[in-house]
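Structure data follow from start30.txt (compact mmCIF, C-alpha atoms):
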```
# COMPACT_ATOMS: atom_id res chain seq x y z
CA MET A 107 59.63 62.04 46.24
CA ASN A 108 58.62 61.05 49.73
CA LYS A 109 59.12 63.45 52.64
CA LYS A 110 62.51 62.07 53.62
CA GLU A 111 63.81 62.35 50.04
CA ARG A 112 62.38 65.88 49.75
CA PHE A 113 64.16 67.07 52.87
CA GLN A 114 67.38 65.35 51.84
CA ALA A 115 67.30 67.24 48.52
CA VAL A 116 67.08 70.54 50.40
CA ARG A 117 69.91 69.53 52.72
CA GLU A 118 72.11 68.81 49.69
CA ARG A 119 70.89 71.90 47.78
CA ARG A 120 69.39 69.78 45.03
CA GLN A 121 65.99 70.23 43.41
CA PRO A 122 63.08 68.54 45.25
CA ASP A 123 59.71 67.94 43.64
CA TYR A 124 58.25 70.76 45.73
CA MET A 125 59.34 72.93 48.62
CA PRO A 126 59.03 71.23 52.01
CA VAL A 127 57.54 72.90 55.10
CA TRP A 128 59.26 72.74 58.49
CA PRO A 129 56.81 74.32 60.96
CA ARG A 130 58.44 73.68 64.38
CA VAL A 131 55.15 72.85 66.07
CA MET A 132 55.16 73.05 69.87
CA SER A 133 51.99 73.73 71.87
CA GLN A 134 49.88 74.38 68.74
CA MET A 135 49.56 70.61 68.35
CA ILE A 136 47.90 70.46 71.78
CA PHE A 137 45.50 73.39 71.38
CA SER A 138 44.46 72.44 67.83
CA HIS A 139 43.55 68.97 69.11
CA GLY A 140 40.97 70.46 71.49
CA LEU A 141 43.17 70.18 74.59
CA LEU A 142 44.73 72.61 77.04
CA LEU A 143 48.17 72.12 78.53
CA PRO A 144 46.87 70.98 81.95
CA ASP A 145 45.13 68.16 80.07
CA VAL A 146 48.46 66.70 78.96
CA THR A 147 51.13 67.70 81.46
CA GLY A 148 51.85 68.94 84.96
CA ARG A 149 54.89 69.63 87.07
CA ASP A 150 55.80 65.95 87.34
CA TRP A 151 53.62 64.09 84.82
CA TYR A 152 53.06 63.88 81.06
CA ASP A 153 50.18 62.07 79.32
CA VAL A 154 51.85 59.92 76.67
CA GLU A 155 48.63 58.68 75.09
CA LYS A 156 47.04 62.11 74.63
CA VAL A 157 50.22 63.72 73.32
CA THR A 158 50.81 60.84 70.90
CA GLU A 159 47.30 61.34 69.51
CA ALA A 160 47.85 65.09 69.19
CA VAL A 161 51.20 64.72 67.39
CA LEU A 162 49.91 62.18 64.87
CA ALA A 163 46.70 64.14 64.23
CA ASN A 164 48.67 67.35 63.67
CA ILE A 165 51.08 65.80 61.17
CA THR A 166 48.38 63.87 59.33
CA TYR A 167 45.89 66.72 58.96
CA ASN A 168 48.29 69.52 58.08
CA GLY A 169 50.58 67.51 55.82
CA TYR A 170 53.90 69.17 56.59
CA ASP A 171 57.23 67.57 55.77
CA ILE A 172 59.55 67.67 58.83
CA ALA A 173 58.29 67.17 62.39
CA ILE A 174 59.27 67.38 66.03
CA PRO A 175 57.72 64.06 67.10
CA THR A 176 56.59 65.07 70.59
CA TYR A 177 55.30 68.04 72.59
CA ILE A 178 58.15 70.13 73.98
CA ASP A 179 58.34 73.40 75.93
CA HIS A 180 60.82 75.51 77.90
CA ALA A 181 60.26 73.78 81.23
CA PHE A 182 61.92 70.41 80.67
CA GLY A 183 64.55 69.70 83.31
CA VAL A 184 63.53 72.59 85.56
CA PRO A 185 61.58 71.03 88.49
CA PRO A 186 64.15 68.34 89.39
CA LEU A 187 66.77 71.08 89.85
CA GLY A 188 64.53 73.02 92.23
CA GLY A 189 63.01 75.52 89.81
CA GLU A 190 59.38 76.48 89.48
CA ILE A 191 57.36 76.11 86.27
CA THR A 192 53.96 77.29 85.19
CA ILE A 193 51.40 75.22 83.27
CA PRO A 194 48.88 77.86 82.12
CA GLU A 195 45.19 77.00 82.15
CA LYS A 196 44.58 79.34 79.21
CA PHE A 197 44.55 78.80 75.48
CA GLY A 198 47.49 80.05 73.46
CA ILE A 199 50.10 80.34 76.21
CA ALA A 200 53.14 78.11 76.53
CA ALA A 201 54.39 76.24 79.58
CA GLY A 202 57.71 77.43 80.92
CA PRO A 203 59.89 78.28 83.93
CA THR A 204 59.20 81.21 86.22
CA ASP A 205 61.87 83.53 87.63
CA ASN A 206 61.98 81.33 90.74
CA LYS A 207 65.06 79.50 89.49
CA PRO A 208 67.33 77.19 91.54
CA VAL A 209 70.43 79.40 91.16
CA MET A 210 69.34 82.67 92.74
CA THR A 211 72.88 83.42 93.91
CA LYS A 212 76.28 82.07 92.98
CA ALA A 213 76.34 80.17 96.28
CA ASP A 214 73.53 77.97 94.90
CA TRP A 215 75.54 76.91 91.86
CA PRO A 216 77.68 74.04 93.30
CA ARG A 217 74.57 72.20 94.51
CA VAL A 218 72.68 72.65 91.23
CA LYS A 219 75.75 71.80 89.16
CA LYS A 220 76.05 68.53 91.04
CA LEU A 221 72.38 67.77 90.36
CA ILE A 222 72.59 68.52 86.65
CA GLU A 223 75.75 66.46 86.22
CA SER A 224 73.99 63.42 87.71
CA PHE A 225 70.78 64.03 85.71
CA ASN A 226 69.29 60.90 84.14
CA ILE A 227 67.08 62.00 81.25
CA ARG A 228 64.69 59.04 81.49
CA LYS A 229 64.47 58.87 85.28
CA THR A 230 64.99 62.34 86.74
CA ASP A 231 62.23 64.26 84.94
CA PRO A 232 58.91 62.41 84.33
CA ARG A 233 57.93 64.98 81.69
CA MET A 234 61.04 64.25 79.65
CA ALA A 235 60.52 60.52 80.03
CA GLY A 236 56.97 60.96 78.75
CA ALA A 237 58.16 62.99 75.76
CA LEU A 238 60.59 60.21 74.85
CA ALA A 239 57.79 57.65 75.05
CA VAL A 240 55.79 59.75 72.57
CA ILE A 241 58.78 59.83 70.19
CA GLU A 242 58.86 56.03 70.37
CA ASN A 243 55.16 55.84 69.53
CA VAL A 244 55.33 58.33 66.68
CA SER A 245 58.47 56.78 65.25
CA GLU A 246 56.84 53.36 65.22
CA GLU A 247 53.74 54.78 63.52
CA ILE A 248 55.22 57.10 60.85
CA GLY A 249 59.00 57.00 61.20
CA ASP A 250 59.38 55.30 57.83
CA GLU A 251 57.59 58.17 56.10
CA ILE A 252 58.71 61.47 57.63
CA PRO A 253 61.89 63.09 59.02
CA LEU A 254 61.58 63.24 62.81
CA VAL A 255 64.00 65.78 64.27
CA ALA A 256 65.63 65.93 67.67
CA SER A 257 65.01 69.31 69.30
CA ALA A 258 67.02 71.12 71.97
CA TYR A 259 68.30 74.51 73.08
CA VAL A 260 71.75 76.05 72.80
CA GLY A 261 73.66 75.90 76.10
CA SER A 262 73.20 79.59 76.94
CA VAL A 263 69.42 79.30 76.48
CA ALA A 264 69.23 76.01 78.41
CA ALA A 265 71.15 77.69 81.24
CA MET A 266 68.66 80.55 81.25
CA HIS A 267 65.71 78.15 81.30
CA MET A 268 67.06 75.89 84.04
CA PHE A 269 69.51 77.80 86.24
CA ARG A 270 69.21 81.58 86.57
CA PRO A 271 66.45 84.19 86.24
CA ASN A 272 66.60 85.79 82.81
CA GLU A 273 67.72 89.25 83.90
CA ALA A 274 70.26 87.80 86.31
CA ILE A 275 72.06 85.68 83.73
CA LEU A 276 72.13 88.59 81.30
CA GLU A 277 73.80 90.69 84.00
CA ASP A 278 76.19 87.81 84.72
CA MET A 279 77.35 87.94 81.10
CA TYR A 280 78.78 91.39 81.81
CA GLU A 281 79.77 91.01 85.45
CA ASP A 282 80.96 87.39 85.70
CA PRO A 283 81.44 85.99 82.17
CA GLU A 284 83.69 83.14 83.31
CA TRP A 285 80.86 81.80 85.44
CA VAL A 286 78.47 82.06 82.50
CA ASP A 287 81.03 80.13 80.42
CA GLU A 288 80.84 77.34 82.99
CA MET A 289 77.03 77.34 83.15
CA CYS A 290 76.86 77.20 79.35
CA ARG A 291 79.28 74.26 79.19
CA VAL A 292 77.35 72.32 81.83
CA ALA A 293 74.02 73.08 80.15
CA THR A 294 75.46 71.97 76.79
CA ASP A 295 76.51 68.64 78.29
CA TRP A 296 72.92 68.21 79.50
CA THR A 297 71.58 69.24 76.08
CA MET A 298 73.72 66.65 74.32
CA ASP A 299 72.40 63.90 76.61
CA TRP A 300 68.84 65.05 75.83
CA ILE A 301 69.58 64.88 72.10
CA ARG A 302 71.07 61.39 72.46
CA ALA A 303 67.94 60.23 74.28
CA GLN A 304 65.71 61.52 71.46
CA TYR A 305 67.71 59.60 68.85
CA ALA A 306 67.56 56.49 71.00
CA ALA A 307 63.77 56.91 71.21
CA GLY A 308 63.32 57.12 67.44
CA SER A 309 64.28 60.54 66.05
CA ASN A 310 65.64 59.78 62.58
CA SER A 311 66.80 63.06 61.05
CA VAL A 312 68.71 66.23 61.93
CA THR A 313 68.93 68.05 65.26
CA PHE A 314 67.11 71.37 65.55
CA LEU A 315 69.07 73.58 67.96
CA ALA A 316 67.32 76.76 69.12
CA GLU A 317 69.28 79.87 70.10
CA VAL A 318 66.43 82.16 71.06
CA MET A 319 68.47 85.05 72.52
CA GLY A 320 70.13 85.70 69.15
CA THR A 321 71.25 89.30 68.83
CA LEU A 322 68.06 90.64 70.41
CA MET A 323 68.94 89.99 74.06
CA VAL A 324 72.74 90.11 73.88
CA SER A 325 75.30 91.77 71.63
CA PRO A 326 76.69 89.81 68.67
CA SER A 327 80.09 89.62 70.37
CA MET A 328 78.55 88.15 73.52
CA ALA A 329 76.47 85.72 71.48
CA GLN A 330 79.64 84.58 69.79
CA ARG A 331 81.51 84.17 73.07
CA PHE A 332 78.88 82.12 74.86
CA ASN A 333 77.46 80.15 71.93
CA LEU A 334 80.02 79.46 69.22
CA GLU A 335 82.08 76.76 70.94
CA ASN A 336 79.07 75.02 72.44
CA ILE A 337 77.12 74.95 69.18
CA ALA A 338 80.18 73.43 67.53
CA ARG A 339 80.33 70.79 70.27
CA VAL A 340 76.70 69.78 69.64
CA ALA A 341 77.10 69.70 65.85
CA ALA A 342 80.24 67.56 66.11
CA MET A 343 78.55 65.12 68.50
CA VAL A 344 75.44 64.77 66.33
CA GLN A 345 77.54 64.13 63.24
CA LYS A 346 79.94 61.71 64.92
CA GLU A 347 77.41 59.66 66.90
CA PHE A 348 74.38 59.74 64.58
CA GLY A 349 75.68 60.78 61.16
CA GLN A 350 73.25 63.71 61.11
CA GLY A 351 73.44 67.44 60.60
CA THR A 352 72.44 70.25 62.95
CA TRP A 353 70.15 73.13 62.01
CA LEU A 354 70.33 76.33 64.05
CA HIS A 355 67.45 78.65 64.89
CA THR A 356 68.49 82.17 65.85
CA HIS A 357 66.81 85.53 66.37
CA GLY A 358 67.70 89.04 65.29
CA ASP A 359 68.30 91.14 62.20
CA MET A 360 71.27 89.39 60.66
CA THR A 361 71.56 92.03 57.93
CA ASN A 362 73.18 94.30 60.52
CA PRO A 363 76.99 94.19 59.93
CA LYS A 364 77.90 93.12 63.47
CA ALA A 365 75.16 90.50 63.53
CA TYR A 366 76.27 89.27 60.12
CA ALA A 367 79.78 88.82 61.47
CA TYR A 368 78.28 86.54 64.14
CA LEU A 369 76.29 84.68 61.49
CA THR A 370 79.47 84.28 59.42
CA ALA A 371 81.20 82.70 62.41
CA LEU A 372 78.23 80.38 62.97
CA ALA A 373 78.26 79.31 59.32
CA THR A 374 82.01 78.80 59.02
CA GLN A 375 83.17 77.66 62.46
CA THR A 376 80.45 75.49 64.04
CA GLY A 377 79.68 72.84 61.43
CA VAL A 378 75.94 73.61 61.34
CA GLU A 379 74.17 72.35 58.22
CA GLY A 380 71.39 74.91 57.91
CA PHE A 381 69.69 77.97 59.41
CA HIS A 382 66.19 78.88 60.58
CA PHE A 383 65.79 82.63 61.16
CA ASP A 384 62.99 84.92 62.31
CA GLU A 385 60.81 87.29 60.27
CA MET A 386 63.39 90.10 60.46
CA ASN A 387 65.45 88.51 57.66
CA PRO A 388 64.05 88.99 54.11
CA THR A 389 63.66 86.09 51.71
CA GLY A 390 65.92 87.49 49.00
CA TRP A 391 68.61 88.35 51.53
CA ILE A 392 68.59 84.79 52.91
CA MET A 393 69.05 83.41 49.41
CA GLU A 394 71.95 85.71 48.54
CA HIS A 395 73.77 86.22 51.83
CA VAL A 396 73.25 82.85 53.52
CA VAL A 397 72.57 80.05 51.03
CA GLY A 398 74.63 81.63 48.25
CA LYS A 399 77.43 83.00 50.43
CA PHE A 400 78.01 80.05 52.75
CA ASN A 401 76.71 77.16 50.64
CA VAL A 402 74.39 76.03 53.42
CA SER A 403 70.65 75.41 53.41
CA ALA A 404 68.13 77.66 55.12
CA CYS A 405 64.46 78.37 55.75
CA ILE A 406 62.58 81.34 54.39
CA ILE A 407 60.19 82.69 56.98
CA THR A 408 56.47 83.43 56.97
CA ASP A 409 55.48 85.75 59.81
CA GLY A 410 53.62 83.59 62.30
CA HIS A 411 51.05 86.31 63.01
CA LEU A 412 49.86 86.12 59.40
CA ILE A 413 49.39 82.36 59.72
CA VAL A 414 47.39 82.89 62.92
CA HIS A 415 45.09 85.63 61.65
CA GLY A 416 44.85 84.90 57.93
CA PRO A 417 42.62 85.09 56.04
CA VAL A 418 43.44 82.08 53.91
CA GLU A 419 43.58 84.17 50.73
CA LYS A 420 46.21 86.46 52.26
CA ILE A 421 48.29 83.47 53.38
CA TRP A 422 48.30 82.14 49.81
CA GLN A 423 49.26 85.56 48.43
CA GLU A 424 52.16 85.93 50.84
CA VAL A 425 53.53 82.44 50.13
CA LYS A 426 53.33 83.12 46.39
CA HIS A 427 55.17 86.42 46.88
CA GLN A 428 57.92 84.81 48.99
CA ILE A 429 58.55 82.00 46.53
CA SER A 430 58.71 84.49 43.65
CA GLN A 431 61.85 85.97 45.24
CA ILE A 432 64.09 82.90 45.44
CA GLY A 433 65.12 82.20 41.86
CA GLU A 434 66.00 78.53 41.46
CA GLY A 435 65.32 78.09 45.16
CA LEU A 436 67.80 75.30 45.86
CA GLY A 437 68.55 74.63 49.52
CA ILE A 438 65.39 76.36 50.73
CA MET A 439 62.42 75.33 52.90
CA MET A 440 59.44 77.21 54.29
CA ALA A 441 59.17 77.83 58.04
CA PRO A 442 57.39 80.15 60.51
CA SER A 443 59.18 82.70 62.62
CA CYS A 444 60.48 80.85 65.71
CA GLN A 445 57.63 78.34 66.09
CA LEU A 446 54.15 77.97 64.69
CA LEU A 447 52.36 80.22 67.15
CA PRO A 448 50.21 78.35 69.69
CA ALA A 449 46.92 79.99 68.66
CA THR A 450 47.25 79.07 64.97
CA PRO A 451 44.04 77.37 63.73
CA ASN A 452 44.57 74.25 61.67
CA GLU A 453 42.61 75.82 58.80
CA HIS A 454 45.30 78.48 58.43
CA PHE A 455 48.14 76.06 59.15
CA LYS A 456 47.03 73.70 56.40
CA ALA A 457 46.46 76.58 53.96
CA TRP A 458 50.05 77.73 54.51
CA VAL A 459 51.40 74.21 53.93
CA ASP A 460 49.20 73.66 50.86
CA ALA A 461 50.19 77.03 49.37
CA THR A 462 53.88 76.25 49.80
CA HIS A 463 53.50 72.87 48.15
CA GLU A 464 51.47 74.38 45.30
CA PHE A 465 53.60 77.44 44.48
CA GLY A 466 56.83 75.71 45.44
CA ARG A 467 56.75 73.05 42.70
CA TYR A 468 60.10 72.65 40.99
CA PRO A 469 61.37 73.89 38.68
CA LEU A 470 60.04 77.14 40.06
CA GLY A 471 58.37 79.37 37.51
CA LEU A 472 55.67 81.57 38.99
```
Please lay out the structure from this file as structure tokens.
Amino acid sequence: MNKKERFQAVRERRQPDYMPVWPRVMSQMIFSHGLLLPDVTGRDWYDVEKVTEAVLANITYNGYDIAIPTYIDHAFGVPPLGGEITIPEKFGIAAGPTDNKPVMTKADWPRVKKLIESFNIRKTDPRMAGALAVIENVSEEIGDEIPLVASAYVGSVAAMHMFRPNEAILEDMYEDPEWVDEMCRVATDWTMDWIRAQYAAGSNSVTFLAEVMGTLMVSPSMAQRFNLENIARVAAMVQKEFGQGTWLHTHGDMTNPKAYAYLTALATQTGVEGFHFDEMNPTGWIMEHVVGKFNVSACIITDGHLIVHGPVEKIWQEVKHQISQIGEGLGIMMAPSCQLLPATPNEHFKAWVDATHEFGRYPLGL
């Protein structure tokens, strides 16, 4: 099988030749290429040539199976709305927005809402335009060989990144939930335009939608209120316009009964195709209570700190242990918790990928 066929088998819960790896690489691709973030991006610029080189080198050297075909972070869309971002000059730290957000009070919202509704992805934010140019380059170079995913954030997370300080929007969820509903809808509209632009640039596979608050920052009932409808909107758009599925990344211990009720709603009411969890959810539990229960695909999770620190022998042992717990293992891929951590050395990254491909050969029989 090639990488596209391998991923398709997982999506359809058929047997691949070996288990694919979906690492969700963000700034690790920059640091592992010998660069720091100020070398490739600033508040209003993005170096297409350097990022293209970093993306292609990362995929080629480490050999993983599903890729985000550009460098992304939490700060896209922020400066044009009046927010402040930070581009750290240190190794191992991600770029992102500060708490100096454009909507400090509710009186700021009409102005910012007007700006976001007139946002042109390719013209308003030079960083986003640069990221799209990288997708075009990577798609032209390796798009025939590897699934290239579109990547975006759930509306509630996008609203937190772009509009309101983190603590403020969490308070708003209790004190003014109707306003948060509106911010989430507007942010979801923006997210869908960003996804469309990535497909137009050359993304050729599913959409990866990240819901990083999960049940860690809000209650399961609040997560359901602010996320369910908007996730369903994204999944329906991606399927209708591009014939692709949507995979959801979420945080929190989903084995908790209230959290599992939220997960059940996500699996049965939004149309998502698969799930990517964090390290709080055990491999065997994912197999039984997600893949088996809902007939969807999912990722089993290697703790990112192990991949960072190693040693290589311990990475191989952990991968072998994880794969020993999944039975037939249909509908399963390997992934890190959240993202591959920025400080991960390529030696450990490649060892994790190689171990998964070695122990994850089908039919499984460790």
Can you tell me which residues surround His415 of chain A at a distance of at most 9 Å, considering all atoms listed in the file, apart from same-chain residues fewer than 2 positions away, and format the answer as an mmCIF file with C-alpha atoms, keeping the file's coordinate frame?
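Written output follows (around09.cif):
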```
data_model
loop_
_atom_site.group_PDB
_atom_site.id
_atom_site.type_symbol
_atom_site.label_atom_id
_atom_site.label_comp_id
_atom_site.auth_asym_id
_atom_site.auth_seq_id
_atom_site.Cartn_x
_atom_site.Cartn_y
_atom_site.Cartn_z
ATOM 1 C CA GLY A 410 53.620 83.590 62.300
ATOM 2 C CA HIS A 411 51.050 86.310 63.010
ATOM 3 C CA LEU A 412 49.860 86.120 59.400
ATOM 4 C CA ILE A 413 49.390 82.360 59.720
ATOM 5 C CA PRO A 417 42.620 85.090 56.040
ATOM 6 C CA VAL A 418 43.440 82.080 53.910
ATOM 7 C CA THR A 450 47.250 79.070 64.970
ATOM 8 C CA PRO A 451 44.040 77.370 63.730
ATOM 9 C CA HIS A 454 45.300 78.480 58.430
#
```
(message) From the options A:Met298, A:Ile406, A:Ala235, A:Leu187, which residue's atoms come nearest to Trp128 of chain A, counting only C-alpha atoms?
(response)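 Counting only C-alpha atoms, the residue closest to Trp128 of chain A is A:Ile406.
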(request) Grab the atom CA of Ala303 of chain A to atom CA of Leu143 of chain A distance for me, in Å with one decimal place. (result) 23.5 Å
(message) Which residues are near segment 196-201 of chain A? Cut-off 9 Å, only C-alpha atoms, ignore same chain within fewer than 4 positions. Put them as a VMD selection string.
(response) chain A and resid 132 to 134 137 141 to 143 179 to 181 191 to 192 447 to 450
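Coordinates place atom CA of Gly358 of chain A at a distance of 19.8 Å from atom CA of Gly398 of chain A.
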(message) At a cut-off of 12 Å, using only C-alpha atoms, what residues contact Leu276 of chain A? Leave out same-chain residues fewer than 2 positions from it and give the result as a PyMOL selection string.
(response) chain A and resi 262-263+265-266+270-274+278-283+285-286+319+322-325+328-329+332
(message) At a cut-off of 10 Å, using only C-alpha atoms, what residues contact segment 211-215 of chain A? Leave out same-chain residues fewer than 3 positions from it and give the result as a ChimeraX atom specification.
(response) /A:207-208,218-221,269-270,274,285,289
(request) Take atom CA of Arg117 of chain A and atom CA of Lys364 of chain A and report the distance between them in Å, one decimal. (result) 27.1 Å
(request) Could you tell me which of A:Ala264, A:Leu372, A:Ile407, A:Ala306 comes closest to Gln445 of chain A if we count only C-alpha atoms? (result)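 Smallest distance to Gln445 of chain A is found for A:Ile407.
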(message) For a cutoff of 10 Å around the file-coordinate point (74.3, 66.7, 85.1), which residues qualify once you count all atoms listed in the file? I'd like the result as a ChimeraX atom specification.
(response) /A:187,218-227,292-297,299
(request) Go through A:Glu434, A:Glu277, A:Glu288, A:Glu317 and flag the residue nearest His382 of chain A, using all atoms listed in the file for the distances. (result)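 Closest to His382 of chain A, using all atoms listed in the file: A:Glu317.
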(request) Determine the nearest neighbour of Leu334 of chain A from the options A:Ala237, A:Met107, A:Cys405, A:Val260, counting all atoms listed in the file. (result) A:Val260
Please supply segment 214-232 of chain A, rebuilt with N, CA and C atoms, as a CSV table (one decimal), in the frame of the given file.
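Generated output (rebuild12.csv):
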```
chain,number,residue,atom,x,y,z
A,214,ASP,N,74.4,79.1,95.2
A,214,ASP,CA,73.5,78.0,94.9
A,214,ASP,C,74.1,77.1,93.8
A,215,TRP,N,75.1,77.6,93.1
A,215,TRP,CA,75.5,76.9,91.9
A,215,TRP,C,76.2,75.5,92.1
A,216,PRO,N,77.1,75.4,93.1
A,216,PRO,CA,77.7,74.0,93.3
A,216,PRO,C,76.7,72.9,93.5
A,217,ARG,N,75.6,73.2,94.3
A,217,ARG,CA,74.6,72.2,94.5
A,217,ARG,C,73.8,71.9,93.2
A,218,VAL,N,73.4,72.9,92.5
A,218,VAL,CA,72.7,72.6,91.2
A,218,VAL,C,73.6,72.0,90.2
A,219,LYS,N,74.8,72.4,90.1
A,219,LYS,CA,75.8,71.8,89.2
A,219,LYS,C,75.9,70.3,89.4
A,220,LYS,N,76.0,69.9,90.7
A,220,LYS,CA,76.0,68.5,91.0
A,220,LYS,C,74.8,67.8,90.6
A,221,LEU,N,73.6,68.4,90.8
A,221,LEU,CA,72.4,67.8,90.4
A,221,LEU,C,72.3,67.6,88.8
A,222,ILE,N,72.7,68.6,88.1
A,222,ILE,CA,72.6,68.5,86.6
A,222,ILE,C,73.6,67.5,86.1
A,223,GLU,N,74.7,67.4,86.7
A,223,GLU,CA,75.8,66.5,86.2
A,223,GLU,C,75.4,65.0,86.5
A,224,SER,N,74.5,64.8,87.4
A,224,SER,CA,74.0,63.4,87.7
A,224,SER,C,72.6,63.2,87.1
A,225,PHE,N,72.1,64.1,86.3
A,225,PHE,CA,70.8,64.0,85.7
A,225,PHE,C,70.6,62.8,84.8
A,226,ASN,N,69.6,62.0,85.0
A,226,ASN,CA,69.3,60.9,84.1
A,226,ASN,C,68.0,61.3,83.4
A,227,ILE,N,68.2,61.5,82.1
A,227,ILE,CA,67.1,62.0,81.2
A,227,ILE,C,65.8,61.2,81.4
A,228,ARG,N,65.9,59.9,81.4
A,228,ARG,CA,64.7,59.0,81.5
A,228,ARG,C,64.1,58.9,82.9
A,229,LYS,N,64.9,59.1,83.9
A,229,LYS,CA,64.5,58.9,85.3
A,229,LYS,C,64.3,60.1,86.1
A,230,THR,N,65.0,61.2,85.9
A,230,THR,CA,65.0,62.3,86.7
A,230,THR,C,63.8,63.2,86.5
A,231,ASP,N,63.4,63.4,85.3
A,231,ASP,CA,62.2,64.3,84.9
A,231,ASP,C,61.1,63.4,84.3
A,232,PRO,N,60.0,63.2,84.9
A,232,PRO,CA,58.9,62.4,84.3
A,232,PRO,C,58.4,63.0,83.0
```
